[in-house]
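Quick look at final26.cif (mmCIF, C-alpha atoms):
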```
data_coords
#
loop_
_atom_site.label_atom_id
_atom_site.label_comp_id
_atom_site.auth_asym_id
_atom_site.auth_seq_id
_atom_site.Cartn_x
_atom_site.Cartn_y
_atom_site.Cartn_z
CA MET A 1 18.25 -103.46 154.09
CA LEU A 2 21.50 -103.35 152.08
CA GLN A 3 19.60 -104.02 148.85
CA VAL A 4 17.37 -101.03 149.60
CA ARG A 5 20.44 -98.92 150.35
CA THR A 6 22.09 -99.99 147.08
CA ARG A 7 18.99 -98.98 145.10
CA ARG A 8 18.91 -95.64 146.92
CA LEU A 9 22.59 -95.06 146.13
CA PHE A 10 21.87 -95.83 142.48
CA LEU A 11 19.08 -93.25 142.32
CA CYS A 12 21.07 -90.65 144.26
CA LEU A 13 24.11 -90.96 142.00
CA LEU A 14 22.07 -91.22 138.82
CA MET A 15 20.65 -87.73 139.41
CA SER A 16 24.07 -86.20 138.81
CA ALA A 17 24.36 -88.05 135.49
CA PHE A 18 21.30 -86.38 133.97
CA ALA A 19 23.09 -83.02 133.92
CA LEU A 20 25.83 -84.43 131.67
CA GLY A 21 23.59 -85.36 128.76
CA SER A 22 23.86 -88.56 126.75
CA VAL A 23 27.20 -90.05 125.77
CA THR A 24 27.32 -93.28 123.81
CA ARG A 25 30.53 -94.63 125.33
CA VAL A 26 33.28 -93.19 127.48
CA ASN A 27 36.59 -94.40 128.76
CA ALA A 28 36.61 -94.99 132.49
CA GLU A 29 38.61 -96.56 135.28
CA GLN A 30 37.47 -99.06 137.89
CA ILE A 31 38.84 -98.46 141.39
CA PHE A 32 38.80 -101.47 143.75
CA PHE A 33 38.91 -100.93 147.52
CA ALA A 34 40.11 -103.23 150.27
CA SER A 35 36.56 -103.22 151.64
CA GLY A 36 35.30 -105.09 148.58
CA ARG A 37 33.67 -102.01 147.07
CA SER A 38 34.50 -100.75 143.61
CA MET A 39 33.99 -97.40 141.95
CA SER A 40 33.73 -96.50 138.27
CA VAL A 41 35.38 -93.11 137.62
CA LYS A 42 36.23 -90.98 134.61
CA ALA A 43 39.91 -90.62 135.46
CA TYR A 44 42.36 -90.66 138.34
CA ARG A 45 45.71 -89.27 139.40
CA VAL A 46 48.19 -90.30 142.10
CA ASP A 47 49.96 -87.72 144.24
CA GLY A 48 52.18 -89.40 146.82
CA ASP A 49 49.93 -91.42 149.13
CA VAL A 50 46.71 -89.91 147.76
CA ILE A 51 44.60 -91.03 144.80
CA THR A 52 42.25 -88.36 143.43
CA VAL A 53 39.50 -89.53 141.10
CA THR A 54 37.38 -87.52 138.67
CA LEU A 55 33.80 -88.67 139.18
CA ARG A 56 31.79 -89.53 136.10
CA GLY A 57 28.95 -87.46 137.54
CA GLY A 58 31.21 -84.44 138.03
CA GLY A 59 33.53 -83.36 140.83
CA GLU A 60 36.42 -85.14 142.48
CA ALA A 61 37.07 -87.37 145.50
CA SER A 62 40.35 -88.24 147.21
CA PHE A 63 41.35 -91.46 148.97
CA ASP A 64 44.33 -92.73 150.89
CA LYS A 65 46.24 -94.98 148.47
CA ALA A 66 46.39 -97.68 151.16
CA LEU A 67 42.62 -98.18 150.81
CA VAL A 68 42.88 -99.04 147.09
CA THR A 69 43.82 -102.57 146.01
CA ALA A 70 43.65 -102.25 142.22
CA ILE A 71 42.81 -99.95 139.30
CA THR A 72 41.76 -101.34 135.94
CA GLY A 73 40.56 -99.91 132.64
CA ASP A 74 36.79 -99.93 132.32
CA GLU A 75 34.93 -98.96 129.17
CA MET A 76 31.15 -98.86 129.54
CA PRO A 77 28.11 -97.20 127.97
CA ASP A 78 26.65 -94.41 130.06
CA ASP A 79 23.11 -95.60 129.46
CA ALA A 80 23.88 -98.96 131.06
CA GLU A 81 25.08 -97.79 134.48
CA PRO A 82 24.90 -94.71 136.72
CA ALA A 83 27.59 -92.04 136.61
CA VAL A 84 29.26 -93.46 139.72
CA THR A 85 28.70 -96.91 141.14
CA PHE A 86 29.57 -98.27 144.58
CA VAL A 87 29.39 -102.07 144.56
CA LEU A 88 29.51 -104.28 147.63
CA ALA A 89 31.04 -107.68 146.93
CA PRO A 90 28.94 -110.70 148.10
CA ALA A 91 31.34 -111.47 150.95
CA VAL A 92 31.03 -107.91 152.19
CA LEU A 93 27.24 -107.79 151.90
CA GLN A 94 26.88 -110.22 154.79
CA SER A 95 29.22 -108.36 157.13
CA ALA A 96 29.01 -104.72 156.09
CA ARG A 97 28.24 -103.09 159.44
CA PRO A 98 29.79 -100.07 161.15
CA ALA A 99 31.14 -100.50 164.66
CA ASP A 100 28.07 -98.97 166.31
CA GLY A 101 25.21 -100.66 164.46
CA PRO A 102 23.59 -101.38 161.10
CA LEU A 103 24.67 -99.10 158.29
CA ASP A 104 21.24 -97.54 157.78
CA GLY A 105 20.65 -97.45 161.54
CA ARG A 106 22.95 -94.50 162.11
CA PRO A 107 21.31 -91.09 162.55
CA PHE A 108 20.91 -88.97 159.41
CA ALA A 109 22.27 -91.85 157.28
CA ASP A 110 20.19 -91.00 154.21
CA LEU A 111 20.94 -87.28 154.40
CA ILE A 112 24.67 -87.80 154.96
CA GLU A 113 24.86 -90.18 152.02
CA THR A 114 22.96 -87.85 149.70
CA VAL A 115 24.92 -84.68 150.55
CA SER A 116 28.30 -86.46 150.61
CA LEU A 117 27.89 -88.15 147.25
CA ARG A 118 26.60 -84.98 145.63
CA HIS A 119 29.86 -83.25 146.55
CA GLY A 120 32.12 -86.23 145.82
CA VAL A 121 33.13 -87.04 149.40
CA ASP A 122 33.04 -90.54 150.88
CA PRO A 123 29.96 -90.73 153.17
CA GLU A 124 31.89 -92.91 155.61
CA LEU A 125 34.44 -90.16 156.16
CA VAL A 126 31.62 -87.68 156.81
CA HIS A 127 30.07 -90.11 159.30
CA ALA A 128 33.42 -90.34 161.10
CA VAL A 129 33.67 -86.54 161.31
CA VAL A 130 30.07 -86.16 162.52
CA GLN A 131 30.62 -88.84 165.16
CA ALA A 132 33.75 -87.12 166.47
CA GLU A 133 32.41 -83.57 166.24
CA SER A 134 28.89 -83.81 167.66
CA ASN A 135 27.99 -87.48 168.14
CA TYR A 136 25.11 -86.80 165.70
CA ARG A 137 23.62 -83.97 167.81
CA PRO A 138 22.26 -81.30 165.41
CA LEU A 139 21.97 -78.66 168.14
CA ALA A 140 25.51 -79.10 169.50
CA LYS A 141 27.53 -75.92 170.03
CA SER A 142 31.15 -75.61 171.10
CA ASN A 143 32.70 -72.99 173.35
CA MET A 144 34.31 -71.51 170.23
CA GLY A 145 30.94 -71.16 168.47
CA ALA A 146 31.07 -74.14 166.11
CA ARG A 147 27.58 -75.48 165.50
CA GLY A 148 25.58 -78.49 164.47
CA LEU A 149 26.39 -81.98 163.24
CA MET A 150 29.78 -81.16 161.74
CA GLN A 151 30.54 -78.31 164.18
CA VAL A 152 30.93 -75.72 161.45
CA MET A 153 31.97 -72.18 162.31
CA PRO A 154 29.50 -69.51 161.10
CA ASP A 155 32.20 -67.66 159.13
CA THR A 156 33.11 -70.88 157.31
CA ALA A 157 29.47 -71.56 156.50
CA LYS A 158 29.06 -68.07 155.04
CA ASP A 159 31.71 -68.91 152.45
CA PHE A 160 29.21 -71.47 151.11
CA GLY A 161 26.21 -69.19 151.45
CA ILE A 162 24.79 -71.02 154.48
CA LEU A 163 23.48 -69.36 157.65
CA ASP A 164 21.33 -71.77 159.70
CA LEU A 165 23.85 -74.33 160.96
CA TYR A 166 21.38 -76.00 163.32
CA ASP A 167 19.46 -77.30 160.32
CA PRO A 168 21.01 -80.75 159.61
CA GLN A 169 20.98 -80.42 155.83
CA ASN A 170 22.43 -76.91 155.86
CA ASN A 171 25.10 -77.99 158.30
CA LEU A 172 26.08 -80.98 156.19
CA GLU A 173 26.13 -78.87 153.03
CA ALA A 174 28.61 -76.47 154.65
CA GLY A 175 30.66 -79.11 156.46
CA VAL A 176 30.95 -81.50 153.51
CA GLN A 177 31.93 -78.73 151.09
CA TYR A 178 34.56 -77.51 153.53
CA LEU A 179 35.85 -81.07 153.99
CA LYS A 180 36.03 -81.46 150.20
CA PHE A 181 37.96 -78.18 150.00
CA LEU A 182 40.50 -79.61 152.45
CA LEU A 183 40.70 -82.97 150.65
CA THR A 184 41.70 -81.20 147.43
CA ARG A 185 44.68 -79.69 149.25
CA PHE A 186 45.82 -82.41 151.67
CA ASP A 187 45.84 -86.18 152.02
CA VAL A 188 43.11 -87.70 154.19
CA LYS A 189 44.92 -87.47 157.54
CA ARG A 190 46.10 -83.91 156.99
CA ALA A 191 42.63 -82.90 155.78
CA ILE A 192 41.18 -84.27 159.02
CA ALA A 193 43.81 -82.34 160.98
CA ALA A 194 42.98 -79.19 159.01
CA TYR A 195 39.29 -79.65 159.79
CA ASN A 196 40.22 -79.47 163.46
CA ALA A 197 43.11 -77.01 163.55
CA GLY A 198 42.73 -75.10 160.29
CA PRO A 199 44.60 -75.45 156.96
CA ALA A 200 47.07 -72.67 157.79
CA THR A 201 48.23 -74.57 160.87
CA VAL A 202 48.71 -77.79 158.89
CA ARG A 203 50.75 -75.92 156.28
CA LYS A 204 52.80 -74.23 159.00
CA TYR A 205 53.84 -77.56 160.52
CA GLN A 206 53.92 -79.32 157.13
CA GLY A 207 51.78 -82.10 158.55
CA ILE A 208 49.61 -82.93 161.53
CA PRO A 209 50.26 -80.19 164.14
CA PRO A 210 51.97 -81.24 167.39
CA PHE A 211 48.88 -80.48 169.47
CA GLN A 212 47.51 -83.33 171.58
CA GLU A 213 43.92 -82.33 170.82
CA THR A 214 44.47 -82.38 167.05
CA GLN A 215 46.50 -85.59 167.12
CA ASN A 216 43.80 -87.34 169.16
CA TYR A 217 41.15 -85.96 166.81
CA VAL A 218 42.92 -87.31 163.73
CA LYS A 219 43.30 -90.74 165.34
CA LYS A 220 39.63 -90.82 166.31
CA VAL A 221 38.26 -89.74 162.94
CA TYR A 222 40.67 -91.79 160.82
CA SER A 223 40.14 -94.89 162.90
CA GLY A 224 36.35 -94.45 162.62
CA TYR A 225 36.73 -94.06 158.86
CA LEU A 226 38.86 -97.21 158.49
CA THR A 227 36.42 -99.18 160.65
CA SER A 228 33.78 -98.74 157.94
CA PHE A 229 36.07 -100.59 155.51
CA ARG A 230 36.79 -103.44 157.92
CA ASN A 231 33.17 -104.13 158.91
#
```
Starting from the file, lay out its structure as structure tokens.
Amino acid sequence: MLQVRTRRLFLCLLMSAFALGSVTRVNAEQIFFASGRSMSVKAYRVDGDVITVTLRGGGEASFDKALVTAITGDEMPDDAEPAVTFVLAPAVLQSARPADGPLDGRPFADLIETVSLRHGVDPELVHAVVQAESNYRPLAKSNMGARGLMQVMPDTAKDFGILDLYDPQNNLEAGVQYLKFLLTRFDVKRAIAAYNAGPATVRKYQGIPPFQETQNYVKKVYSGYLTSFRN
């Protein structure tokens, strides 16, 4: 199952490379995670506790620095590997399972992976948000009007040109792009808090707001995200 998933990841990420054209050789960096995964990126920068990488397929992704164990120089031909590569070390291949079941056994796994990687967001973080927001129910609706898998507000979705939030792909497109927007402005925990309470509130309190609901939400999502690296 994991071999199939790896091949699917390769194809998904390779699609973004076609738009860049052919380059004989480029300088790159190899990011190594505590989970055993590694990621080839074009460049990276460190801002406090956050590492932001420039993806070789375009776009950026941000990670908590605590999740990264090493960064090394990596020069490779573009025609030899995809624009971005996630590699599971052999020791991890045998135990890579989320807390609630096999990796590919989670609902909407393929769709979440495809949309997340296209926008440069870690699919495991999106899974953690979906789990906390709707428990994978595409028709979920909150009392405040948030809808679908990632409980996106209609006004937020309109910013990304999306209307039908009960459609899983549309919902993920809006939710993932909004999450990426937050990750470019905050570290992971504050981005999660902003997803729940809004970026203005996070800026007002210069951190996670002192609301029990938001604090519990951050703990739930962040802990679900870290679980994916431990299993």
Practice task
Give me, please, the distance in Å between atom CA of Asp155 of chain A and atom CA of Gln206 of chain A, quoted to one decimal.
Solution key: 24.7 Å
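Reported to one decimal place, the separation of atom CA of Glu29 of chain A from atom CA of Tyr44 of chain A is 7.6 Å.
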Problem - Selection result of the PyMOL selection byres ((chain A and resi 60-65) around 6) on this file, as a ChimeraX atom specification - result: /A:49-55,59,66-68,120-121
Handout entry: Asn171 of chain A environment, 9 Å, all atoms listed in the file, sequence neighbours closer than 2 positions dropped, as an MDAnalysis selection string
Key = chainID A and resid 138 147:152 157 162:169 173:176
What does the file look like for those residues with C-alpha atoms, as an mmCIF file, keeping the file's coordinate frame?
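Result written to again19.cif:
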```
data_model
loop_
_atom_site.group_PDB
_atom_site.id
_atom_site.type_symbol
_atom_site.label_atom_id
_atom_site.label_comp_id
_atom_site.auth_asym_id
_atom_site.auth_seq_id
_atom_site.Cartn_x
_atom_site.Cartn_y
_atom_site.Cartn_z
ATOM 1 C CA PRO A 138 22.260 -81.300 165.410
ATOM 2 C CA ARG A 147 27.580 -75.480 165.500
ATOM 3 C CA GLY A 148 25.580 -78.490 164.470
ATOM 4 C CA LEU A 149 26.390 -81.980 163.240
ATOM 5 C CA MET A 150 29.780 -81.160 161.740
ATOM 6 C CA GLN A 151 30.540 -78.310 164.180
ATOM 7 C CA VAL A 152 30.930 -75.720 161.450
ATOM 8 C CA ALA A 157 29.470 -71.560 156.500
ATOM 9 C CA ILE A 162 24.790 -71.020 154.480
ATOM 10 C CA LEU A 163 23.480 -69.360 157.650
ATOM 11 C CA ASP A 164 21.330 -71.770 159.700
ATOM 12 C CA LEU A 165 23.850 -74.330 160.960
ATOM 13 C CA TYR A 166 21.380 -76.000 163.320
ATOM 14 C CA ASP A 167 19.460 -77.300 160.320
ATOM 15 C CA PRO A 168 21.010 -80.750 159.610
ATOM 16 C CA GLN A 169 20.980 -80.420 155.830
ATOM 17 C CA GLU A 173 26.130 -78.870 153.030
ATOM 18 C CA ALA A 174 28.610 -76.470 154.650
ATOM 19 C CA GLY A 175 30.660 -79.110 156.460
ATOM 20 C CA VAL A 176 30.950 -81.500 153.510
#
```
Problem - Residue nearest Ala140 of chain A - candidates A:Leu182, A:Met153, A:Ala191, A:Val115, atoms counted: all atoms listed in the file - result: A:Met153
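Atom pair atom CA of Leu179 of chain A / atom CA of Gln215 of chain A: separated by 17.5 Å.
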Exercise for the section: Would you translate the PyMOL selection byres ((chain A and resi 111) around 12) into the concrete set of residues it matches in this file, as a ChimeraX atom specification? Expected result: /A:8-9,12,104,106-110,112-118,123,126-127,149,167-173,176
